[in-house]
Structures are given as structure tokens and as C-alpha cells.
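Heads up, entry.tsv below (TSV, C-alpha atoms and all ligand atoms):
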```tsv
chain	number	residue	atom	x	y	z
A	1	MET	CA	56.25	-100.60	60.84
A	2	LYS	CA	56.07	-100.36	64.62
A	3	THR	CA	55.51	-103.54	66.61
A	4	GLY	CA	52.11	-103.68	68.24
A	5	MET	CA	50.42	-101.26	65.82
A	6	LYS	CA	47.28	-102.40	64.04
A	7	ILE	CA	47.56	-102.22	60.25
A	8	VAL	CA	44.95	-101.33	57.67
A	9	CYS	CA	46.07	-101.63	54.08
A	10	ALA	CA	43.95	-100.24	51.24
A	11	ASN	CA	44.28	-102.16	47.99
A	12	TRP	CA	42.77	-99.98	45.29
A	13	LYS	CA	43.51	-102.53	42.55
A	14	LEU	CA	42.85	-101.03	39.07
A	15	ASN	CA	40.68	-98.25	40.53
A	16	PRO	CA	39.58	-95.52	40.32
A	17	PRO	CA	39.56	-94.63	36.60
A	18	SER	CA	41.07	-91.14	36.95
A	19	LEU	CA	43.77	-89.38	38.93
A	20	LYS	CA	41.20	-86.78	39.94
A	21	GLU	CA	39.12	-89.47	41.63
A	22	ALA	CA	42.18	-91.04	43.23
A	23	ARG	CA	43.10	-87.68	44.73
A	24	SER	CA	39.57	-87.19	45.94
A	25	ILE	CA	39.47	-90.60	47.67
A	26	PHE	CA	42.85	-89.92	49.22
A	27	ASP	CA	41.71	-86.47	50.38
A	28	GLY	CA	38.67	-88.13	51.92
A	29	ILE	CA	40.71	-90.50	54.05
A	30	LYS	CA	43.94	-88.74	54.82
A	31	GLY	CA	42.59	-86.66	57.72
A	32	LYS	CA	41.24	-89.67	59.58
A	33	ALA	CA	44.18	-91.90	58.67
A	34	SER	CA	46.70	-89.30	59.86
A	35	SER	CA	44.94	-88.84	63.19
A	36	LEU	CA	45.21	-92.45	64.38
A	37	LYS	CA	47.56	-93.36	67.20
A	38	SER	CA	47.62	-97.13	67.16
A	39	THR	CA	46.76	-97.95	63.55
A	40	GLN	CA	49.14	-97.77	60.60
A	41	VAL	CA	47.35	-97.01	57.34
A	42	ILE	CA	48.94	-98.11	54.06
A	43	ILE	CA	47.53	-96.96	50.74
A	44	CYS	CA	48.24	-99.03	47.61
A	45	PRO	CA	46.99	-97.11	44.57
A	46	SER	CA	47.54	-98.04	40.94
A	47	PRO	CA	51.23	-97.85	39.93
A	48	LEU	CA	50.68	-94.63	37.94
A	49	HIS	CA	48.83	-92.87	40.74
A	50	LEU	CA	51.16	-94.09	43.47
A	51	PRO	CA	54.12	-91.66	43.14
A	52	ILE	CA	51.79	-88.73	42.53
A	53	LEU	CA	49.81	-89.32	45.71
A	54	ARG	CA	53.00	-90.15	47.59
A	55	GLU	CA	54.53	-86.80	46.54
A	56	SER	CA	51.38	-84.88	47.33
A	57	TYR	CA	51.24	-86.11	50.92
A	58	ARG	CA	53.31	-83.98	53.25
A	59	GLY	CA	52.46	-85.84	56.44
A	60	ARG	CA	54.32	-88.79	57.91
A	61	LYS	CA	51.57	-90.95	59.33
A	62	ILE	CA	50.23	-92.63	56.19
A	63	SER	CA	52.45	-95.10	54.36
A	64	PHE	CA	52.29	-96.16	50.74
A	65	GLY	CA	52.56	-99.52	49.09
A	66	SER	CA	52.64	-100.98	45.60
A	67	GLN	CA	50.31	-103.79	44.56
A	68	ASP	CA	53.15	-105.81	43.10
A	69	VAL	CA	56.90	-105.68	42.49
A	70	PHE	CA	59.35	-107.43	40.18
A	71	TRP	CA	62.26	-109.61	41.28
A	72	GLU	CA	64.94	-107.90	39.21
A	73	GLU	CA	66.27	-104.48	40.12
A	74	LYS	CA	66.91	-103.26	36.58
A	75	GLY	CA	67.30	-104.41	32.99
A	76	SER	CA	65.21	-105.45	30.02
A	77	PHE	CA	61.92	-106.24	31.73
A	78	THR	CA	59.24	-104.20	30.01
A	79	GLY	CA	56.38	-103.11	32.20
A	80	GLU	CA	57.76	-104.26	35.55
A	81	ILE	CA	58.24	-102.34	38.82
A	82	SER	CA	61.70	-102.44	40.36
A	83	PRO	CA	62.08	-102.78	44.13
A	84	LEU	CA	64.68	-100.01	43.81
A	85	HIS	CA	62.05	-97.71	42.33
A	86	LEU	CA	59.92	-98.33	45.40
A	87	ARG	CA	62.83	-97.53	47.67
A	88	ASP	CA	63.74	-94.42	45.71
A	89	LEU	CA	60.17	-93.08	45.91
A	90	LYS	CA	59.84	-93.99	49.60
A	91	VAL	CA	57.15	-96.53	48.95
A	92	GLU	CA	57.74	-98.67	52.01
A	93	TYR	CA	55.39	-101.58	51.44
A	94	THR	CA	54.55	-103.96	48.66
A	95	ILE	CA	51.79	-106.50	48.32
A	96	ILE	CA	53.09	-109.76	46.84
A	97	GLY	CA	51.21	-112.83	45.65
A	98	HIS	CA	47.73	-111.34	45.60
A	99	SER	CA	45.27	-113.94	44.32
A	100	GLU	CA	44.39	-111.70	41.39
A	101	ARG	CA	48.04	-111.81	40.29
A	102	ARG	CA	48.27	-115.53	40.92
A	103	ARG	CA	45.18	-115.93	38.76
A	104	LEU	CA	47.06	-114.16	35.94
A	105	GLY	CA	49.71	-116.84	36.13
A	106	GLU	CA	52.01	-115.86	38.97
A	107	GLY	CA	53.35	-119.01	40.60
A	108	ASP	CA	55.01	-119.82	43.92
A	109	GLU	CA	58.46	-119.48	42.35
A	110	ASP	CA	57.70	-115.96	41.17
A	111	VAL	CA	56.39	-115.11	44.62
A	112	VAL	CA	59.57	-116.31	46.34
A	113	LYS	CA	61.76	-114.25	44.02
A	114	LYS	CA	59.61	-111.16	44.52
A	115	VAL	CA	59.61	-111.55	48.31
A	116	ASN	CA	63.38	-111.82	48.39
A	117	ALA	CA	63.95	-108.91	46.02
A	118	ALA	CA	61.60	-106.64	47.99
A	119	LEU	CA	63.26	-107.56	51.29
A	120	ARG	CA	66.73	-106.95	49.85
A	121	ALA	CA	65.54	-103.46	48.96
A	122	GLU	CA	64.39	-103.15	52.59
A	123	ARG	CA	60.70	-102.90	51.76
A	124	PHE	CA	57.96	-104.38	53.92
A	125	VAL	CA	56.31	-107.35	52.26
A	126	ILE	CA	52.59	-108.03	52.60
A	127	LEU	CA	52.38	-111.62	51.42
A	128	CYS	CA	48.90	-112.76	50.41
A	129	VAL	CA	47.91	-116.36	51.00
A	130	GLY	CA	44.53	-117.99	50.76
A	131	GLU	CA	42.73	-121.06	49.53
A	132	GLU	CA	40.33	-121.04	46.61
A	133	LYS	CA	37.72	-123.12	48.37
A	134	ARG	CA	37.27	-125.22	51.48
A	135	GLY	CA	36.35	-128.86	51.57
A	136	ASN	CA	35.69	-130.90	54.70
A	137	ASP	CA	39.06	-132.61	54.75
A	138	GLY	CA	41.19	-129.67	55.92
A	139	ALA	CA	43.30	-129.79	52.73
A	140	PHE	CA	43.16	-126.00	52.63
A	141	LEU	CA	45.33	-125.92	55.75
A	142	SER	CA	48.21	-127.70	54.06
A	143	PHE	CA	47.71	-125.46	51.06
A	144	ILE	CA	48.19	-122.37	53.24
A	145	ALA	CA	51.18	-123.93	54.99
A	146	ARG	CA	52.77	-124.61	51.62
A	147	GLU	CA	52.20	-121.06	50.41
A	148	LEU	CA	53.82	-119.67	53.57
A	149	LYS	CA	56.69	-122.12	53.62
A	150	THR	CA	57.63	-121.67	49.96
A	151	ALA	CA	57.60	-117.90	50.31
A	152	PHE	CA	59.51	-117.66	53.59
A	153	GLU	CA	61.69	-120.76	53.93
A	154	ASN	CA	64.98	-119.08	53.09
A	155	ILE	CA	64.44	-115.58	54.33
A	156	PRO	CA	67.56	-114.31	56.12
A	157	LEU	CA	67.04	-113.56	59.80
A	158	LYS	CA	67.52	-109.81	59.45
A	159	TYR	CA	64.61	-109.42	57.03
A	160	ARG	CA	62.02	-111.37	58.95
A	161	LYS	CA	60.83	-108.31	60.82
A	162	ASN	CA	59.72	-106.84	57.48
A	163	ILE	CA	57.09	-109.48	56.85
A	164	ILE	CA	53.32	-109.17	57.10
A	165	VAL	CA	50.93	-111.99	56.20
A	166	ALA	CA	47.56	-111.22	54.64
A	167	TYR	CA	45.19	-114.15	54.77
A	168	GLU	CA	42.71	-113.73	51.94
A	169	PRO	CA	40.56	-116.75	51.13
A	170	LEU	CA	39.61	-116.40	47.48
A	171	TRP	CA	36.01	-117.36	48.13
A	172	ALA	CA	35.57	-114.29	50.35
A	173	ILE	CA	37.12	-111.65	48.07
A	174	GLY	CA	35.01	-109.03	46.32
A	175	LYS	CA	31.71	-110.05	47.90
A	176	SER	CA	29.72	-108.47	50.70
A	177	ALA	CA	30.29	-108.55	54.44
A	178	ASP	CA	27.87	-111.43	55.07
A	179	GLU	CA	29.78	-113.67	52.67
A	180	ALA	CA	33.14	-112.90	54.29
A	181	MET	CA	34.99	-115.08	56.75
A	182	ASN	CA	33.37	-115.22	60.16
A	183	PRO	CA	35.41	-114.25	63.24
A	184	HIS	CA	35.45	-117.79	64.59
A	185	GLN	CA	36.90	-119.20	61.35
A	186	MET	CA	39.38	-116.33	61.30
A	187	HIS	CA	40.48	-117.02	64.85
A	188	GLN	CA	41.25	-120.63	63.98
A	189	MET	CA	43.05	-119.61	60.83
A	190	SER	CA	45.15	-117.06	62.58
A	191	LEU	CA	46.25	-119.63	65.19
A	192	TYR	CA	47.16	-121.98	62.38
A	193	ILE	CA	49.13	-119.34	60.45
A	194	ARG	CA	51.02	-118.46	63.62
A	195	LYS	CA	51.85	-122.10	64.16
A	196	VAL	CA	53.33	-122.34	60.66
A	197	LEU	CA	55.23	-119.08	61.17
A	198	THR	CA	56.59	-120.44	64.45
A	199	GLU	CA	57.99	-123.47	62.61
A	200	LEU	CA	59.63	-121.10	60.14
A	201	PHE	CA	60.78	-118.20	62.30
A	202	GLY	CA	60.63	-119.34	65.93
A	203	LYS	CA	58.11	-118.27	68.52
A	204	LYS	CA	59.13	-114.67	69.17
A	205	ARG	CA	59.34	-113.53	65.55
A	206	ALA	CA	56.17	-115.46	64.69
A	207	SER	CA	54.22	-113.72	67.41
A	208	ASP	CA	55.49	-110.32	66.24
A	209	THR	CA	54.55	-110.95	62.60
A	210	PRO	CA	51.32	-109.11	61.80
A	211	ILE	CA	48.50	-111.22	60.37
A	212	LEU	CA	45.88	-109.34	58.37
A	213	TYR	CA	42.58	-110.55	57.05
A	214	GLY	CA	41.28	-109.58	53.61
A	215	GLY	CA	38.09	-110.47	51.78
A	216	SER	CA	34.94	-108.34	51.86
A	217	VAL	CA	35.81	-106.36	54.95
A	218	GLU	CA	33.26	-103.61	55.39
A	219	ALA	CA	32.25	-101.39	58.31
A	220	SER	CA	29.55	-103.91	59.28
A	221	ASN	CA	31.87	-106.90	59.86
A	222	ALA	CA	35.11	-105.13	60.80
A	223	GLU	CA	34.41	-104.94	64.51
A	224	SER	CA	33.66	-108.60	65.11
A	225	LEU	CA	36.58	-109.69	62.92
A	226	ILE	CA	39.12	-107.50	64.66
A	227	LYS	CA	37.82	-108.26	68.16
A	228	ASP	CA	37.31	-112.00	67.86
A	229	GLY	CA	39.40	-112.95	64.84
A	230	GLU	CA	42.81	-112.74	66.54
A	231	ILE	CA	44.22	-110.54	63.76
A	232	ASP	CA	46.33	-107.41	63.56
A	233	GLY	CA	44.38	-105.60	60.88
A	234	PHE	CA	42.91	-105.75	57.41
A	235	LEU	CA	43.70	-105.70	53.72
A	236	ILE	CA	40.74	-103.93	52.18
A	237	GLY	CA	39.65	-103.79	48.55
A	238	HIS	CA	36.31	-102.30	47.52
A	239	ALA	CA	35.52	-100.65	50.86
A	240	SER	CA	38.79	-98.70	50.69
A	241	LEU	CA	37.51	-96.75	47.67
A	242	VAL	CA	34.64	-95.25	49.65
A	243	PRO	CA	36.09	-92.74	52.13
A	244	GLU	CA	33.14	-92.80	54.58
A	245	GLU	CA	33.14	-96.58	54.74
A	246	PHE	CA	36.91	-96.79	55.00
A	247	ASN	CA	37.05	-94.12	57.71
A	248	SER	CA	34.44	-96.02	59.74
A	249	ILE	CA	36.59	-99.14	59.49
A	250	LEU	CA	39.62	-97.12	60.63
A	251	ASP	CA	37.68	-95.92	63.68
A	252	ILE	CA	36.67	-99.47	64.53
A	253	VAL	CA	40.23	-100.77	64.23
A	254	GLU	CA	41.67	-97.88	66.20
A	255	LYS	CA	39.23	-98.50	69.07
A	256	SER	CA	39.67	-102.27	69.13
B	301	LIG	P1	37.75	-106.94	48.81
B	301	LIG	O1	39.21	-107.19	48.25
B	301	LIG	O2	37.86	-106.22	50.11
B	301	LIG	O3	37.07	-106.15	47.75
B	301	LIG	O4	37.13	-108.30	49.01
B	301	LIG	C1	40.24	-107.57	49.11
B	301	LIG	C2	41.48	-107.90	48.31
B	301	LIG	O5	41.36	-108.50	47.24
B	301	LIG	O6	42.60	-107.57	48.73
```
Could the structure of this file be written out as C-alpha cells, please?
Amino acid sequence: MKTGMKIVCANWKLNPPSLKEARSIFDGIKGKASSLKSTQVIICPSPLHLPILRESYRGRKISFGSQDVFWEEKGSFTGEISPLHLRDLKVEYTIIGHSERRRLGEGDEDVVKKVNAALRAERFVILCVGEEKRGNDGAFLSFIARELKTAFENIPLKYRKNIIVAYEPLWAIGKSADEAMNPHQMHQMSLYIRKVLTELFGKKRASDTPILYGGSVEASNAESLIKDGEIDGFLIGHASLVPEEFNSILDIVEKS
């Protein structure tokens, strides 16, 4: 991860249903993604498709990420993904704490252990935070602060450069662009997240930590969000499965 680069991370979730389709989506985006100069593209396919696509890609520009990781490196933990497996397969990034995992029961304590394990294996962590809904009392702000503080409180200095924050309010995920966060709200949120990161990491590291937005990013709202939202890129779900749409977003981010 180079400082100052924009980041666009594709979270394919449990899609598409076949390897053939995964290859075809990847083929549809790799040309554009490899041609960008100031945008780092990270593809997070399903765990079975991940090493296959990783192996098939001979270029160096696109990076790969997993959608989750376990906190132990090895042992009797059926079904889990070891941070060492990610390192071995040159999967540089991992998403941690996505709301869809938290909804399946992942708690803050699991998230902390995963963040630390991934950083020990020298992976880049994309930590997802986001409130379920917003009231008028600003309680969601302390919720976000708590999510960030629990995850990052005890991170050793040397690993802090490997952290990316993805702000994904749950109410904006999986909808359409007009139900997503607006750029003004995003701008405020990004200032707030940076303030919390400053308390944790100090000013310099906080200002170098990329903040992404995720939640119904499409080609139609990407430009205003990236220009006015004070963010460093996006974490994209459904629009990342449609090469034309995703490539348009990449163009917008690259030009911003
Ligand atoms: P979405 O998903 O772009 O489909 O809203 C984003 C995410 O859940 O990471």
C-alpha cells in the first residue's frame, strides 16, 4: 500500500456462483484496474476462488484480499482461514469485522484478535465499522469510536501503517445509490473518524490512514462521494460484480 494512493476494494461476498463467472468478472476488470496510476485496486473473491484468481494474475498492479481471517495461525479450527495462508499465497489484504460477519455473531473481541493476528502476519487490515441506524442524539458517533478504539487500542507502532478503515453504515449497504450516504454526511464522518484515529495513533499516522466508504457505491454516486466526502476510496459490494459499472467507478476515482 503506497501512501497517497486512492484505494478501491471489491468485496464479492458469496458471489458469483461459479469459478467460470468469477474468472469472467476478473477478466472484465483487470485491464482497467492494471492501467491505473493513482488507484490501488484490491479484489476480495470468495475464499475458494481467491487463490485461483491470484495465481492466474501475472501482473503486479492488482492486489488481492480475503473477506475474513482467523486469529490463530494453525491448529484444530475447522473451516477457518489462517493469516499464514494469506501470507503464503501473497494475499496482502484482509477485510475484518464486516457487518455481515458481525451479524453472524462476530463480536468486538473476535475482531481485535483477528486484527492483531493479521497484522502479525504482516497483512493489511481493512477494518469495517458502521452503525446500524442513526438517531438524532449522535449516539452512533460513540458507537463508531468504540468500534475503532476496541480494534486498535493496543496495536504496536510498527503495524499501524498497515491499517485501513472502511466506514460502512449498515443502513446504506446493499441498496441503491440514492439510498447511500450523501457526501456531506460522509465528510463529517470522515473528520470524526480521523479525530478518533488521532487520539489513538497521533496526528501524522492518523492522517496517513486511508478511510474508505462502503454502502451502495455505484457509478452514479461515486464522483460526488470521492470529491466531497473527504475519503480515500471505496469498499464496493454489488457494483464490483458488474465489470462495466466497476470500471466506471475506477475511472471516476482515478480522475478525482
Ligand atoms: P454494497 O456492499 O456495495 O453492495 O452496498 C458493500 C459492502 O457490504 O461491503
Rows by chain and residue number, stretch 53-121 of chain A within 9 Å of stretch 146-163 of chain A, shortest pair, all atoms listed in the file, as a tab-separated table:
```
residue	atom	partner	partner_atom	distance
A:Asp108	CA	A:Thr150	CA	6.8
A:Glu109	CA	A:Thr150	CA	8.0
A:Val111	CA	A:Ala151	CA	6.5
A:Val112	CA	A:Ala151	CA	4.7
A:Lys113	CA	A:Ala151	CA	8.4
A:Val115	CA	A:Ala151	CA	7.0
A:Asn116	CA	A:Ile155	CA	7.1
A:Leu119	CA	A:Tyr159	CA	6.2
A:Arg120	CA	A:Tyr159	CA	7.9
```
Do you know which residues are within 8 Å of ligand LIG 301 (chain B) using all atoms listed in the file? Can you write them as a short mmCIF file (atom, residue, chain, number, x, y, z; two decimals) with C-alpha atoms, in the coordinates of the input?
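The result, written out as result.cif:
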```cif
data_model
loop_
_atom_site.label_atom_id
_atom_site.label_comp_id
_atom_site.auth_asym_id
_atom_site.auth_seq_id
_atom_site.Cartn_x
_atom_site.Cartn_y
_atom_site.Cartn_z
CA ALA A 10 43.95 -100.24 51.24
CA ASN A 11 44.28 -102.16 47.99
CA LYS A 13 43.51 -102.53 42.55
CA HIS A 98 47.73 -111.34 45.60
CA SER A 99 45.27 -113.94 44.32
CA GLU A 100 44.39 -111.70 41.39
CA GLU A 168 42.71 -113.73 51.94
CA ALA A 172 35.57 -114.29 50.35
CA ILE A 173 37.12 -111.65 48.07
CA GLY A 174 35.01 -109.03 46.32
CA LYS A 175 31.71 -110.05 47.90
CA SER A 176 29.72 -108.47 50.70
CA GLY A 214 41.28 -109.58 53.61
CA GLY A 215 38.09 -110.47 51.78
CA SER A 216 34.94 -108.34 51.86
CA VAL A 217 35.81 -106.36 54.95
CA GLU A 218 33.26 -103.61 55.39
CA LEU A 235 43.70 -105.70 53.72
CA ILE A 236 40.74 -103.93 52.18
CA GLY A 237 39.65 -103.79 48.55
CA HIS A 238 36.31 -102.30 47.52
CA ALA A 239 35.52 -100.65 50.86
CA SER A 240 38.79 -98.70 50.69
#
```
field: Long-range neighbours of stretch 20-30 of chain A as a ChimeraX atom specification, 9 Å cut-off, only C-alpha atoms, 2 positions minimum in chain
entry: /A:15-18,32-35,43,45,49,53,57,62,240-244,246-247
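In this model, the gap between atom CA of A:Ile144 and atom CA of A:Ile193 comes to 7.9 Å.
Using only C-alpha atoms, the protein and nucleic acid residues lying no more than 7 Å from A:Ile95, apart from those fewer than 5 places from it along its own chain, are Ser66, Gln67, Asp68, Val125, Ile126 and Leu127 of chain A.
The spacing separating atom CA of A:Met5 from atom CA of A:Gly59 amounts to 18.2 Å.
Minimum atom-to-atom distance to A:Asp228, evaluated using all atoms listed in the file, belongs to A:Met186 out of A:Leu200, A:Ile249, A:Met186, A:Leu191.
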task: Tell me, as a ChimeraX atom specification, which residues lie within 12 Å of A:Gln188, counting only C-alpha atoms; anything in the same chain fewer than 3 positions away does not count.
output: /A:141,167,181-185,191-195,225,228-231
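Atom pair atom CA of A:Ala117 / atom CA of A:Tyr93: separated by 12.5 Å.
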- request: Using all atoms listed in the file, find the one residue out of A:Arg123, A:Lys255, A:Lys133, A:Lys37 that sits nearest to A:Arg87.
  value: A:Arg123
task: Using only C-alpha atoms, pick whichever of A:Ala166, A:Trp171, A:Pro47, A:Lys2 has the shortest atom-to-atom distance to A:Leu14.
output: A:Pro47
